[in-house]
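Have a look at structure_23.cif below; it lists mmCIF, C-alpha atoms.
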data_data
#
loop_
_atom_site.label_atom_id
_atom_site.label_comp_id
_atom_site.auth_asym_id
_atom_site.auth_seq_id
_atom_site.Cartn_x
_atom_site.Cartn_y
_atom_site.Cartn_z
CA THR E 1 96.10 81.41 80.82
CA LEU E 2 92.59 80.61 81.93
CA GLY E 3 89.52 82.03 80.23
CA ALA E 4 87.61 84.81 81.98
CA SER E 5 85.11 82.49 83.69
CA ARG E 6 87.84 80.07 84.78
CA GLN E 7 89.91 82.98 86.07
CA GLN E 8 87.03 84.04 88.32
CA GLU E 9 86.62 80.45 89.53
CA PHE E 10 90.35 80.29 90.29
CA TYR E 11 90.09 83.58 92.18
CA HIS E 12 87.21 82.26 94.31
CA LEU E 13 89.08 79.01 94.97
CA LEU E 14 92.13 80.92 96.18
CA VAL E 15 90.08 83.26 98.37
CA SER E 16 88.31 80.27 99.91
CA LEU E 17 91.57 78.41 100.50
CA LEU E 18 93.23 81.42 102.12
CA ASP E 19 90.23 82.15 104.32
CA TYR E 20 89.87 78.51 105.35
CA CYS E 21 93.55 77.99 106.16
CA VAL E 22 94.18 81.32 107.86
CA GLY E 23 91.01 80.91 109.91
CA ARG E 24 92.41 77.73 111.40
CA LEU E 25 95.84 79.09 112.26
CA PRO E 26 96.51 80.98 115.48
CA ALA E 27 96.87 84.72 114.88
CA SER E 28 100.15 84.72 116.78
CA MET E 29 101.56 81.89 114.68
CA VAL E 30 105.33 82.08 114.77
CA LYS E 31 105.88 78.67 113.20
CA PRO E 32 103.36 76.19 111.87
CA GLY E 33 101.88 74.25 114.75
CA PRO E 34 101.75 70.53 115.36
CA SER E 35 99.52 67.98 113.61
CA GLY E 36 96.09 69.67 113.62
CA GLN E 37 97.37 72.83 111.99
CA ALA E 38 99.98 71.15 109.80
CA GLU E 39 97.52 70.27 107.03
CA GLU E 40 96.07 73.78 106.86
CA SER E 41 99.55 75.26 107.03
CA ASP E 42 100.79 73.05 104.18
CA LEU E 43 97.69 73.82 102.12
CA LEU E 44 98.19 77.53 102.68
CA HIS E 45 101.84 77.29 101.64
CA GLU E 46 100.90 75.42 98.46
CA ALA E 47 98.16 77.94 97.62
CA VAL E 48 100.59 80.86 98.05
CA VAL E 49 103.21 79.17 95.85
CA LEU E 50 100.59 78.31 93.21
CA LEU E 51 99.41 81.92 93.12
CA GLY E 52 102.99 83.09 92.53
CA PHE E 53 103.47 80.73 89.60
CA TYR E 54 100.10 81.77 88.18
CA CYS E 55 101.00 85.48 88.30
CA LEU E 56 104.63 85.32 87.17
CA GLN E 57 105.01 87.53 84.08
CA GLU E 58 101.31 87.26 83.25
CA PRO E 59 99.63 90.68 83.56
CA ALA E 60 96.16 89.23 82.94
CA ASN E 61 96.67 86.75 85.76
CA GLN E 62 98.10 89.41 88.07
CA SER E 63 94.86 91.32 87.72
CA ILE E 64 92.89 88.77 89.80
CA LEU E 65 94.74 89.99 92.88
CA CYS E 66 92.63 93.14 92.91
CA TYR E 67 89.29 91.48 92.07
CA GLY E 68 86.26 91.43 94.22
CA GLU E 69 84.62 93.48 96.87
CA GLY E 70 86.06 93.88 100.31
CA GLN E 71 89.61 92.77 100.98
CA ALA E 72 91.46 92.05 97.73
CA LEU E 73 93.42 88.82 97.38
CA LEU E 74 96.66 90.81 97.46
CA ALA E 75 95.61 92.46 100.73
CA ARG E 76 94.87 89.00 102.14
CA LEU E 77 98.41 87.92 101.30
CA ALA E 78 99.77 91.02 103.02
CA SER E 79 97.76 90.20 106.14
CA LEU E 80 98.98 86.63 106.57
CA PRO E 81 100.29 85.73 110.05
CA LEU E 82 103.63 87.22 111.15
CA TYR E 83 105.38 83.92 110.45
CA TYR E 84 105.39 84.81 106.76
CA PHE E 85 107.13 88.12 107.42
CA MET E 86 109.51 87.20 110.26
CA ASP E 87 110.61 83.58 109.74
CA GLU E 88 113.03 82.76 106.90
CA ARG E 89 110.94 79.81 105.72
CA GLY E 90 107.79 81.93 105.85
CA LYS E 91 109.45 84.66 103.80
CA SER E 92 110.65 82.07 101.28
CA ILE E 93 107.04 81.00 100.79
CA LEU E 94 105.36 84.42 100.62
CA PHE E 95 107.88 86.90 99.21
CA PRO E 96 108.50 85.22 95.80
CA THR E 97 104.73 85.23 95.30
CA ILE E 98 104.53 88.90 96.23
CA LEU E 99 107.34 89.68 93.80
CA ALA E 100 105.69 87.67 91.00
CA SER E 101 102.31 89.24 91.60
CA CYS E 102 103.58 92.83 91.62
CA PHE E 103 106.33 92.69 89.01
CA LYS E 104 105.46 95.28 86.33
CA SER E 105 101.98 95.76 87.80
CA GLU E 106 101.54 99.31 89.06
CA GLN E 107 98.02 98.56 90.28
CA ASN E 108 99.15 95.60 92.42
CA LEU E 109 102.19 97.48 93.65
CA GLU E 110 100.04 100.39 94.75
CA VAL E 111 97.65 98.10 96.64
CA LEU E 112 100.55 96.35 98.30
CA ARG E 113 102.21 99.62 99.32
CA SER E 114 99.05 100.52 101.20
CA GLU E 115 99.02 97.15 102.96
CA MET E 116 102.63 96.52 103.98
CA ASN E 117 106.14 97.87 104.23
CA MET E 118 107.81 97.08 100.92
CA SER E 119 111.28 97.32 102.46
CA LEU E 120 110.78 93.76 103.76
CA VAL E 121 110.39 92.42 100.24
CA ARG E 122 113.19 94.62 98.91
CA SER E 123 115.55 93.37 101.66
CA TYR E 124 114.60 89.78 100.92
CA LEU E 125 115.30 90.22 97.21
CA ALA E 126 118.61 91.97 97.94
CA SER E 127 119.70 89.06 100.15
CA GLN E 128 118.80 86.60 97.37
CA MET E 129 120.79 88.67 94.89
CA LYS E 130 123.83 88.43 97.17
CA GLY E 131 123.58 84.66 97.07
CA GLY E 132 121.18 84.07 99.93
CA GLU E 133 120.95 80.46 100.93
CA GLU E 134 117.88 78.44 100.13
CA VAL E 135 115.92 77.59 103.25
CA PRO E 136 115.86 73.83 103.89
CA GLY E 137 112.44 72.28 103.44
CA THR E 138 111.34 75.03 101.09
CA PHE E 139 109.73 74.09 97.83
CA PRO E 140 110.54 75.16 94.94
CA SER E 141 113.63 77.37 94.96
CA PHE E 142 113.43 81.16 94.88
CA SER E 143 115.13 81.34 91.48
CA SER E 144 112.53 79.00 89.97
CA ARG E 145 109.69 81.10 91.40
CA PHE E 146 111.16 84.48 90.46
CA PRO E 147 113.82 84.13 87.73
CA PRO E 148 117.22 85.80 88.29
CA GLU E 149 116.97 87.76 85.04
CA LEU E 150 114.13 89.78 86.64
CA TRP E 151 115.89 90.61 89.92
CA GLU E 152 117.67 93.81 88.85
CA GLU E 153 114.53 95.30 87.35
CA ALA E 154 112.44 94.29 90.36
CA ILE E 155 114.74 95.91 92.92
CA ALA E 156 114.95 99.20 90.98
#
Once more with this new file: its structure as structure tokens, please.
Amino acid sequence: TLGASRQQEFYHLLVSLLDYCVGRLPASMVKPGPSGQAEESDLLHEAVVLLGFYCLQEPANQSILCYGEGQALLARLASLPLYYFMDERGKSILFPTILASCFKSEQNLEVLRSEMNMSLVRSYLASQMKGGEEVPGTFPSFSSRFPPELWEEAIA
């Protein structure tokens, strides 16, 4: 894990990346747009995936999602464009990070419950448990981002 000062720097980097990328995407984004938005879209995807790996089974790292004044980082994730909640590829980018960031964290789970309908994440996890197919073009696989041995406990 990062030291306390590095953790705050990482938090600010992620907030800046999310704000920058989301600010350049159309609010009605259904799928990532052509050329001009592709770089911001890819950067946003990478930042979301990185955050999931950073939080996975690390309570101290999960805590950065509720840092700061104003909209918490977790709330920013929950307010990403609809693409991340409606499109299969979007879900495969966002939902493993949401699972990793809230797994065994009551504080993060409570914040998330106030920001979004958790049945979306629960349905996504249930479909993965039933052998849901990996979405082509998705990096890395769901099972590498949220290990199968955690699935039963997470859906409970």
*Step by step, work through what the PyMOL selection byres ((chain E and resi 74) around 8) selects in the shown file, and finish by giving those residues as number ranges by chain.*
E: 65-66, 72-73, 75-78, 108, 111-112
_Can you translate the PyMOL selection byres ((chain E and resi 52) around 12) into the concrete residues it hits in this file, as a VMD selection string?_
chain E and resid 14 45 to 51 53 to 58 61 to 62 64 to 65 74 77 92 to 103 140 142 144 to 147
*Given the choices E:Asp19, E:Glu9, E:Glu110, E:Asp42, which gets closest to E:Ser79 if the distance is worked out from all atoms listed in the file?*
E:Asp19
*Grab the atom CA of E:Ala38 to atom CA of E:Ser16 distance for me, in Å with one decimal place.*
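We find that atom CA of E:Ala38 and atom CA of E:Ser16 lie 17.8 Å from each other.
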*So which residues get picked by the PyMOL selection byres ((chain E and resi 154) around 9) here, written as number ranges by chain?*
E: 99, 103-104, 122, 125, 150-153, 155-156
*Separation of atom CA of E:Phe85 and atom CA of E:Val121, in Å?*
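The value is 9.0 Å.
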With 6 Å on each side, where is the centre of the axis-aligned box around all listed atoms of stretch 145-155 of chain E, and how long are its edges in Å to one decimal, as lines of an AutoDock Vina configuration file?
center_x = 113.7
center_y = 88.5
center_z = 89.0
size_x = 20.0
size_y = 26.8
size_z = 19.9
*When you draw a straight line from atom CA of E:Gly68 to atom CA of E:Met86, how long is it in Å?*
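Atom CA of E:Met86 lies at a distance of 28.6 Å from atom CA of E:Gly68.
Using only C-alpha atoms, the nearest neighbour of E:Ser63 within the list E:Asp87, E:Glu106, E:Glu115, E:Glu149 is E:Glu106.
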*Counting all atoms listed in the file, the option among E:Gly90, E:Pro81, E:Gly131, E:Gly70 closest to E:Val15*: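 So, comparing all the options, the nearest one is E:Gly70.
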